$ cat run.cif   # mmCIF, C-alpha atoms
data_input
loop_
_atom_site.label_atom_id
_atom_site.label_comp_id
_atom_site.auth_asym_id
_atom_site.auth_seq_id
_atom_site.Cartn_x
_atom_site.Cartn_y
_atom_site.Cartn_z
CA MET B 1 -8.40 -101.36 25.92
CA ASN B 2 -6.65 -100.36 29.14
CA ILE B 3 -5.89 -96.63 29.09
CA THR B 4 -2.67 -96.06 31.01
CA ALA B 5 -1.50 -92.93 32.82
CA GLN B 6 1.40 -92.69 30.35
CA MET B 7 -1.03 -92.62 27.41
CA VAL B 8 -3.03 -89.84 29.07
CA LYS B 9 0.16 -87.87 29.73
CA GLU B 10 1.29 -88.27 26.12
CA LEU B 11 -2.04 -86.96 24.82
CA ARG B 12 -2.00 -84.04 27.28
CA ASP B 13 1.53 -83.09 26.21
CA LYS B 14 0.49 -83.26 22.59
CA THR B 15 -2.76 -81.29 22.83
CA GLY B 16 -2.76 -79.33 26.08
CA ALA B 17 -6.09 -80.85 27.09
CA GLY B 18 -7.05 -81.56 30.70
CA MET B 19 -6.47 -84.97 32.26
CA MET B 20 -10.11 -86.10 32.25
CA ASP B 21 -10.76 -84.80 28.73
CA ALA B 22 -7.67 -86.63 27.48
CA LYS B 23 -8.70 -89.88 29.19
CA LYS B 24 -12.29 -89.68 27.87
CA ALA B 25 -11.02 -89.11 24.33
CA LEU B 26 -8.70 -92.11 24.52
CA VAL B 27 -11.48 -94.32 25.88
CA GLU B 28 -13.82 -93.21 23.08
CA VAL B 29 -11.35 -94.18 20.33
CA ASP B 30 -9.96 -97.31 22.00
CA GLY B 31 -6.57 -95.78 22.73
CA ASP B 32 -5.76 -94.49 19.23
CA MET B 33 -3.55 -91.46 19.95
CA GLU B 34 -4.05 -89.69 16.61
CA LYS B 35 -7.83 -90.17 16.62
CA ALA B 36 -7.98 -88.95 20.22
CA ALA B 37 -6.06 -85.77 19.33
CA GLU B 38 -8.38 -85.15 16.39
CA LEU B 39 -11.45 -85.75 18.57
CA LEU B 40 -10.24 -83.15 21.07
CA ARG B 41 -9.72 -80.65 18.25
CA GLN B 42 -13.23 -81.26 16.91
CA LYS B 43 -14.67 -80.69 20.36
CA GLY B 44 -12.71 -77.47 20.68
CA ILE B 45 -10.92 -78.75 23.78
CA ALA B 46 -7.48 -78.59 22.25
CA SER B 47 -5.73 -76.70 19.50
CA ALA B 48 -3.12 -79.16 18.29
CA GLU B 49 -1.45 -76.62 16.03
CA LYS B 50 -0.52 -74.45 18.99
CA LYS B 51 0.80 -77.38 21.00
CA MET B 52 2.84 -79.28 18.43
CA GLY B 53 5.84 -76.90 18.53
CA ARG B 54 7.15 -78.17 21.86
CA ILE B 55 10.60 -77.10 22.97
CA ALA B 56 12.87 -80.08 23.65
CA ALA B 57 16.40 -78.62 23.61
CA GLU B 58 18.32 -75.55 24.60
CA GLY B 59 20.59 -73.73 22.21
CA ARG B 60 20.44 -70.82 19.83
CA VAL B 61 19.05 -69.71 16.50
CA GLU B 62 21.37 -67.35 14.59
CA SER B 63 21.71 -65.78 11.15
CA TYR B 64 24.33 -64.32 8.86
CA THR B 65 23.73 -62.04 5.89
CA ASP B 66 25.91 -60.20 3.39
CA SER B 67 25.28 -58.49 0.07
CA ASN B 68 25.00 -61.78 -1.82
CA CYS B 69 23.26 -64.28 0.47
CA GLY B 70 22.04 -65.14 3.93
CA ALA B 71 21.83 -68.16 6.23
CA LEU B 72 19.76 -69.16 9.25
CA ILE B 73 20.86 -71.95 11.60
CA GLU B 74 19.71 -73.73 14.77
CA VAL B 75 22.36 -75.23 17.04
CA ASN B 76 21.33 -77.14 20.17
CA CYS B 77 23.04 -77.73 23.50
CA GLU B 78 21.92 -79.29 26.77
CA THR B 79 21.38 -76.33 29.11
CA ASP B 80 20.23 -72.73 28.98
CA PHE B 81 23.38 -71.81 30.91
CA VAL B 82 25.57 -72.87 27.98
CA ALA B 83 23.17 -71.34 25.43
CA LYS B 84 23.72 -67.92 27.05
CA ASN B 85 27.50 -68.34 27.18
CA ASP B 86 29.44 -65.94 24.94
CA ASP B 87 31.64 -68.79 23.70
CA PHE B 88 28.59 -70.73 22.52
CA LYS B 89 27.06 -67.62 20.91
CA ALA B 90 30.29 -67.04 18.98
CA LEU B 91 30.30 -70.67 17.87
CA VAL B 92 26.77 -70.46 16.49
CA SER B 93 27.49 -67.15 14.72
CA GLY B 94 30.54 -68.71 13.10
CA LEU B 95 28.55 -71.73 11.97
CA ALA B 96 25.88 -69.47 10.42
CA LYS B 97 28.58 -67.63 8.46
CA ASN B 98 30.03 -70.94 7.25
CA VAL B 99 26.62 -72.06 5.98
CA ALA B 100 26.42 -68.85 3.94
CA VAL B 101 29.97 -69.17 2.59
CA LEU B 102 30.10 -72.93 1.97
CA ASN B 103 26.52 -73.47 0.73
CA PRO B 104 26.30 -77.10 1.96
CA ALA B 105 23.53 -79.38 0.70
CA SER B 106 22.74 -80.96 4.08
CA VAL B 107 23.79 -81.04 7.73
CA GLU B 108 25.94 -84.09 6.98
CA ASP B 109 27.71 -82.28 4.12
CA PHE B 110 28.17 -79.23 6.31
CA LEU B 111 29.81 -81.20 9.12
CA ALA B 112 32.15 -82.86 6.61
CA SER B 113 33.19 -79.52 5.09
CA LYS B 114 36.25 -77.50 6.04
CA CYS B 115 35.68 -74.31 8.02
CA ALA B 116 36.14 -71.23 5.83
CA ASP B 117 38.06 -69.47 8.61
CA CYS B 118 40.25 -72.09 10.29
CA GLY B 119 40.49 -74.85 7.67
CA LYS B 120 39.47 -77.59 10.13
CA VAL B 121 36.74 -80.08 9.30
CA ILE B 122 33.65 -78.56 10.94
CA GLU B 123 32.72 -81.78 12.72
CA ASP B 124 36.20 -81.99 14.26
CA ALA B 125 36.09 -78.34 15.32
CA LEU B 126 32.69 -78.98 16.87
CA LYS B 127 34.05 -81.95 18.83
CA GLU B 128 36.81 -79.75 20.22
CA LYS B 129 34.22 -77.21 21.32
CA ILE B 130 32.14 -79.95 22.96
CA ALA B 131 35.21 -81.04 24.92
CA SER B 132 35.89 -77.52 26.15
CA ILE B 133 32.28 -76.55 26.91
CA GLY B 134 31.37 -79.92 28.40
CA GLU B 135 27.98 -80.40 26.75
CA LYS B 136 26.64 -82.15 23.69
CA ILE B 137 26.26 -79.69 20.81
CA THR B 138 24.42 -80.50 17.59
CA VAL B 139 23.69 -78.65 14.37
CA ARG B 140 20.01 -79.35 13.92
CA ARG B 141 19.06 -77.49 10.72
CA PHE B 142 19.86 -74.54 8.49
CA VAL B 143 18.63 -72.74 5.39
CA ARG B 144 20.40 -70.47 2.90
CA TYR B 145 19.03 -67.94 0.40
CA GLU B 146 20.86 -66.00 -2.30
CA GLY B 147 20.23 -62.44 -3.50
CA ALA B 148 18.37 -59.78 -1.53
CA VAL B 149 17.94 -61.16 1.99
CA ALA B 150 17.10 -59.94 5.49
CA SER B 151 16.96 -61.61 8.89
CA TYR B 152 15.64 -61.10 12.40
CA ILE B 153 16.67 -62.92 15.57
CA HIS B 154 14.62 -62.65 18.78
CA ASN B 155 16.69 -63.48 21.87
CA GLY B 156 18.30 -66.40 20.02
CA LYS B 157 15.01 -68.29 20.27
CA ILE B 158 13.16 -67.26 17.11
CA GLY B 159 14.91 -66.62 13.82
CA VAL B 160 13.64 -65.50 10.42
CA LEU B 161 15.39 -65.41 7.05
CA LEU B 162 13.59 -63.66 4.18
CA SER B 163 14.36 -63.53 0.47
CA ALA B 164 13.03 -60.89 -1.96
CA ASP B 165 13.58 -59.81 -5.55
CA LYS B 166 15.17 -56.49 -4.57
CA GLU B 167 16.77 -54.66 -1.67
CA ASP B 168 14.74 -52.55 0.76
CA LYS B 169 16.43 -52.95 4.11
CA GLU B 170 13.87 -51.20 6.31
CA LEU B 171 10.85 -52.85 4.69
CA LEU B 172 12.37 -56.33 4.68
CA ASN B 173 13.44 -55.98 8.31
CA ASP B 174 9.87 -55.03 9.26
CA ILE B 175 8.51 -58.07 7.43
CA CYS B 176 11.03 -60.33 9.19
CA LEU B 177 9.84 -59.00 12.55
CA HIS B 178 6.23 -59.61 11.45
CA ILE B 179 7.02 -63.21 10.48
CA ALA B 180 8.70 -63.81 13.84
CA SER B 181 5.60 -62.53 15.64
CA CYS B 182 2.78 -63.92 13.50
CA ALA B 183 4.31 -67.22 12.29
CA PRO B 184 2.80 -67.56 8.80
CA LYS B 185 3.26 -70.91 7.05
CA PHE B 186 3.11 -69.80 3.40
CA ILE B 187 3.69 -66.63 1.38
CA SER B 188 0.44 -66.93 -0.61
CA ARG B 189 -2.54 -69.22 -1.24
CA GLU B 190 -0.82 -70.67 -4.28
CA GLU B 191 1.74 -72.36 -2.03
CA ILE B 192 -0.80 -74.23 0.12
CA PRO B 193 -0.99 -77.94 -0.78
CA GLN B 194 -4.50 -79.22 -1.50
CA SER B 195 -3.90 -81.91 1.12
CA VAL B 196 -3.69 -79.21 3.82
CA ILE B 197 -7.00 -77.68 2.71
CA ASP B 198 -8.64 -81.11 2.52
CA GLU B 199 -7.46 -82.03 6.03
CA GLU B 200 -8.78 -78.80 7.57
CA THR B 201 -12.07 -79.26 5.73
CA ARG B 202 -12.43 -82.79 7.09
CA ILE B 203 -11.74 -81.64 10.65
CA GLU B 204 -14.15 -78.69 10.44
CA MET B 205 -16.90 -80.93 8.99
CA GLY B 206 -16.61 -83.14 12.05
CA LYS B 207 -16.98 -80.40 14.65
CA GLU B 208 -19.87 -80.84 17.04
CA ASP B 209 -21.53 -77.47 16.46
CA LEU B 210 -22.21 -78.39 12.81
CA LEU B 211 -23.34 -82.00 13.12
CA LYS B 212 -27.06 -81.21 13.25
CA LYS B 213 -27.05 -78.75 10.36
CA PRO B 214 -28.14 -79.74 6.82
CA GLU B 215 -25.31 -80.94 4.59
CA ASN B 216 -25.41 -77.95 2.23
CA ILE B 217 -25.37 -75.46 5.12
CA ARG B 218 -22.50 -77.32 6.79
CA ALA B 219 -20.50 -77.20 3.56
CA LYS B 220 -20.91 -73.43 3.22
CA ILE B 221 -19.98 -72.79 6.85
CA VAL B 222 -16.96 -75.07 6.61
CA GLU B 223 -15.83 -73.39 3.40
CA GLY B 224 -15.88 -70.04 5.16
CA ARG B 225 -14.02 -71.37 8.19
CA VAL B 226 -11.33 -73.05 6.11
CA ASN B 227 -10.94 -69.93 3.99
CA LYS B 228 -10.32 -67.94 7.19
CA ILE B 229 -7.79 -70.51 8.46
CA MET B 230 -5.88 -70.40 5.18
CA ALA B 231 -5.85 -66.58 5.21
CA GLU B 232 -4.36 -66.62 8.71
CA ARG B 233 -1.54 -68.86 7.48
CA CYS B 234 -0.60 -66.77 4.42
CA LEU B 235 1.94 -64.00 4.93
CA LEU B 236 0.53 -61.73 2.23
CA GLU B 237 -2.98 -61.85 3.73
CA GLN B 238 -1.97 -61.22 7.34
CA PRO B 239 -2.52 -57.75 8.85
CA PHE B 240 0.88 -56.07 9.27
CA VAL B 241 1.92 -56.30 12.92
CA LYS B 242 2.92 -52.62 13.08
CA ASP B 243 -0.19 -51.40 11.24
CA PRO B 244 -3.13 -53.87 11.28
CA ASN B 245 -5.08 -51.61 8.92
CA GLN B 246 -3.04 -52.92 5.98
CA THR B 247 -2.02 -56.41 4.95
CA ILE B 248 1.51 -57.44 4.04
CA ALA B 249 0.40 -57.54 0.39
CA GLN B 250 -0.69 -53.90 0.61
CA LEU B 251 2.52 -52.99 2.45
CA ILE B 252 4.79 -54.27 -0.33
CA GLU B 253 2.59 -53.44 -3.35
CA GLY B 254 4.67 -51.88 -6.11
CA LYS B 255 7.85 -52.07 -4.01
CA LEU B 256 9.12 -55.64 -4.16
CA THR B 257 8.15 -59.32 -4.39
CA LEU B 258 8.74 -61.81 -1.59
CA LYS B 259 10.37 -65.00 -2.85
CA ALA B 260 10.75 -67.21 0.23
CA PHE B 261 11.05 -67.18 4.00
CA THR B 262 12.00 -69.54 6.81
CA ARG B 263 11.07 -69.17 10.48
CA TYR B 264 12.84 -71.27 13.11
CA GLU B 265 11.71 -71.56 16.72
CA LEU B 266 14.29 -73.08 19.04
CA GLY B 267 13.55 -76.77 19.64
CA GLU B 268 10.35 -76.61 17.58
CA GLY B 269 8.71 -80.01 17.21
CA LEU B 270 10.65 -81.58 20.08
CA GLU B 271 9.19 -82.32 23.48
CA LYS B 272 9.94 -80.05 26.41
CA ARG B 273 8.38 -77.01 28.07
CA GLN B 274 6.83 -74.43 25.78
CA ASP B 275 7.27 -70.68 26.07
CA ASN B 276 5.12 -68.45 23.89
CA PHE B 277 7.87 -66.63 22.06
CA ALA B 278 5.45 -65.24 19.46
CA GLU B 279 3.60 -63.35 22.20
CA GLU B 280 6.92 -62.16 23.56
CA VAL B 281 7.86 -60.70 20.17
CA MET B 282 4.44 -59.06 19.87
CA ALA B 283 4.82 -57.46 23.31
CA GLN B 284 8.20 -56.07 22.28
CA VAL B 285 6.70 -54.57 19.09
CA LYS B 286 3.86 -52.90 21.00
CA GLY B 287 6.21 -51.74 23.73
#
$ encode --input "run.cif" --output "structure tokens"
Amino acid sequence: MNITAQMVKELRDKTGAGMMDAKKALVEVDGDMEKAAELLRQKGIASAEKKMGRIAAEGRVESYTDSNCGALIEVNCETDFVAKNDDFKALVSGLAKNVAVLNPASVEDFLASKCADCGKVIEDALKEKIASIGEKITVRRFVRYEGAVASYIHNGKIGVLLSADKEDKELLNDICLHIASCAPKFISREEIPQSVIDEETRIEMGKEDLLKKPENIRAKIVEGRVNKIMAERCLLEQPFVKDPNQTIAQLIEGKLTLKAFTRYELGEGLEKRQDNFAEEVMAQVKG
């Protein structure tokens, strides 16, 4: 199969691998993009997980919380100039509040709802704002939790909404900041689908440094590696960003129970340049 420059570019954007490594991987798997990405992971050349959250749009992540509920929203625009505009910031803040107040089931339902403040249909109000600002503006996603909630927004680019069984403002705020910095995927092991564990096991079993080892030894090594990967993805098992000597589970023991969390990174999953916002948050914590 003819490996084109566009195919090589697509694989590089997806994995972060070098040009020659990307081309060799594509040649080896006859141009299959998914198999090539997996091959690069197994060879340790690329870490797909760290490269999949590409930024493809400007905009802002914002939250709204009150004593009864909280909402987190991502709204996109075309340029960073508009994203930093006070008018756009006010728009996004207002939309976050409306998600909390209206409790819509989907983005479509939200856009068809009437604004709690002005009474206009939200989609119509948004069109008016597009006309005045001069850029396309879209509501990409949102989430809403009821009860004891807390949120953290980092420069409008990373947002966290956290739900717990009871109020503890300082503690919940610290955990929100931790989630923004460390990007866990689950609260605990019980939430991890077996399919995720099976996929990581399959990938680890195929890594080059284990291919010559006996099957039983490989299995034990892989089990240990996968166990470590799963621990890194679970909020309760992560070392607390402000005090790595204790885990989040130890931090909250006897104080409260975490029910759910959502972490948004602006433009996550869409293709554009990638800034390491997690490192930026960590630098701010240490500073």
$ residues_near_point --input "run.cif" --point "(-8.1, -88.0, 24.3)" --cutoff "10 Å" --atoms "all atoms listed in the file" --output "short mmCIF file (atom, residue, chain, number, x, y, z; two decimals) with C-alpha atoms, in the frame of the given file"
data_model
loop_
_atom_site.label_atom_id
_atom_site.label_comp_id
_atom_site.auth_asym_id
_atom_site.auth_seq_id
_atom_site.Cartn_x
_atom_site.Cartn_y
_atom_site.Cartn_z
CA MET B 7 -1.03 -92.62 27.41
CA VAL B 8 -3.03 -89.84 29.07
CA LYS B 9 0.16 -87.87 29.73
CA GLU B 10 1.29 -88.27 26.12
CA LEU B 11 -2.04 -86.96 24.82
CA ARG B 12 -2.00 -84.04 27.28
CA LYS B 14 0.49 -83.26 22.59
CA THR B 15 -2.76 -81.29 22.83
CA ALA B 17 -6.09 -80.85 27.09
CA GLY B 18 -7.05 -81.56 30.70
CA MET B 19 -6.47 -84.97 32.26
CA MET B 20 -10.11 -86.10 32.25
CA ASP B 21 -10.76 -84.80 28.73
CA ALA B 22 -7.67 -86.63 27.48
CA LYS B 23 -8.70 -89.88 29.19
CA LYS B 24 -12.29 -89.68 27.87
CA ALA B 25 -11.02 -89.11 24.33
CA LEU B 26 -8.70 -92.11 24.52
CA VAL B 27 -11.48 -94.32 25.88
CA GLU B 28 -13.82 -93.21 23.08
CA VAL B 29 -11.35 -94.18 20.33
CA ASP B 30 -9.96 -97.31 22.00
CA GLY B 31 -6.57 -95.78 22.73
CA ASP B 32 -5.76 -94.49 19.23
CA MET B 33 -3.55 -91.46 19.95
CA GLU B 34 -4.05 -89.69 16.61
CA LYS B 35 -7.83 -90.17 16.62
CA ALA B 36 -7.98 -88.95 20.22
CA ALA B 37 -6.06 -85.77 19.33
CA GLU B 38 -8.38 -85.15 16.39
CA LEU B 39 -11.45 -85.75 18.57
CA LEU B 40 -10.24 -83.15 21.07
CA ARG B 41 -9.72 -80.65 18.25
CA ILE B 45 -10.92 -78.75 23.78
CA ALA B 46 -7.48 -78.59 22.25
#
$ resolve_selection --input "run.cif" --expression "the PyMOL selection byres ((chain B and resi 73) around 6)" --output "PyMOL selection string"
chain B and resi 61-62+72+74+96+141-142
$ atom_distance --input "run.cif" --atom1 "CA of Ala116 in chain B" --atom2 "CA of Asn103 in chain B"
11.1 Å
$ residues_around --input "run.cif" --residues "Phe240 in chain B" --least-positions-apart "6" --cutoff "12 Å" --atoms "only C-alpha atoms" --output "ChimeraX atom specification"
/B:171,174-182,184,232,234,246-252,282,285
$ resolve_selection --input "run.cif" --expression "the PyMOL selection byres ((chain B and resi 218) around 12)" --output "CSV table (one decimal) with C-alpha atoms, in the frame of the given file"
chain,number,residue,atom,x,y,z
B,201,THR,CA,-12.1,-79.3,5.7
B,202,ARG,CA,-12.4,-82.8,7.1
B,204,GLU,CA,-14.2,-78.7,10.4
B,205,MET,CA,-16.9,-80.9,9.0
B,206,GLY,CA,-16.6,-83.1,12.0
B,207,LYS,CA,-17.0,-80.4,14.6
B,208,GLU,CA,-19.9,-80.8,17.0
B,209,ASP,CA,-21.5,-77.5,16.5
B,210,LEU,CA,-22.2,-78.4,12.8
B,211,LEU,CA,-23.3,-82.0,13.1
B,212,LYS,CA,-27.1,-81.2,13.2
B,213,LYS,CA,-27.0,-78.8,10.4
B,214,PRO,CA,-28.1,-79.7,6.8
B,215,GLU,CA,-25.3,-80.9,4.6
B,216,ASN,CA,-25.4,-78.0,2.2
B,217,ILE,CA,-25.4,-75.5,5.1
B,219,ALA,CA,-20.5,-77.2,3.6
B,220,LYS,CA,-20.9,-73.4,3.2
B,221,ILE,CA,-20.0,-72.8,6.8
B,222,VAL,CA,-17.0,-75.1,6.6
B,223,GLU,CA,-15.8,-73.4,3.4
B,224,GLY,CA,-15.9,-70.0,5.2
B,225,ARG,CA,-14.0,-71.4,8.2
B,226,VAL,CA,-11.3,-73.0,6.1
$ residues_around --input "run.cif" --residues "Thr79 in chain B" --least-positions-apart "5" --cutoff "10 Å" --atoms "only C-alpha atoms" --output "compact mmCIF listing (two decimals) with C-alpha atoms, in the coordinates of the input"
# COMPACT_ATOMS: atom_id res chain seq x y z
CA ALA B 57 16.40 -78.62 23.61
CA GLU B 58 18.32 -75.55 24.60
CA GLY B 59 20.59 -73.73 22.21
CA LYS B 84 23.72 -67.92 27.05
CA GLU B 135 27.98 -80.40 26.75
CA LYS B 136 26.64 -82.15 23.69
$ residues_around --input "run.cif" --residues "Leu256 in chain B" --least-positions-apart "3" --cutoff "8 Å" --atoms "all atoms listed in the file" --output "list in words"
Ala164, Asp165, Lys166, Ile252 and Glu253 of chain B
$ resolve_selection --input "run.cif" --expression "the PyMOL selection byres ((chain B and resi 143) around 12)" --output "number ranges by chain"
B: 61-65, 69-74, 95-100, 102-107, 110, 139-142, 144-146, 151, 159-163, 260-264
$ atom_distance --input "run.cif" --atom1 "CA of Ala148 in chain B" --atom2 "CA of Gln238 in chain B"
22.2 Å
$ atom_distance --input "run.cif" --atom1 "CA of Glu265 in chain B" --atom2 "CA of Gln6 in chain B"
27.2 Å
$ residues_around --input "run.cif" --residues "range 123-128 of chain B" --least-positions-apart "6" --cutoff "9 Å" --atoms "only C-alpha atoms" --output "PyMOL selection string"
chain B and resi 91+110-115+136-138
$ closest_residue --input "run.cif" --among "B:Leu236, B:Val196, B:Cys118, B:Ala5" --to "Lys259 in chain B" --atoms "only C-alpha atoms"
B:Leu236
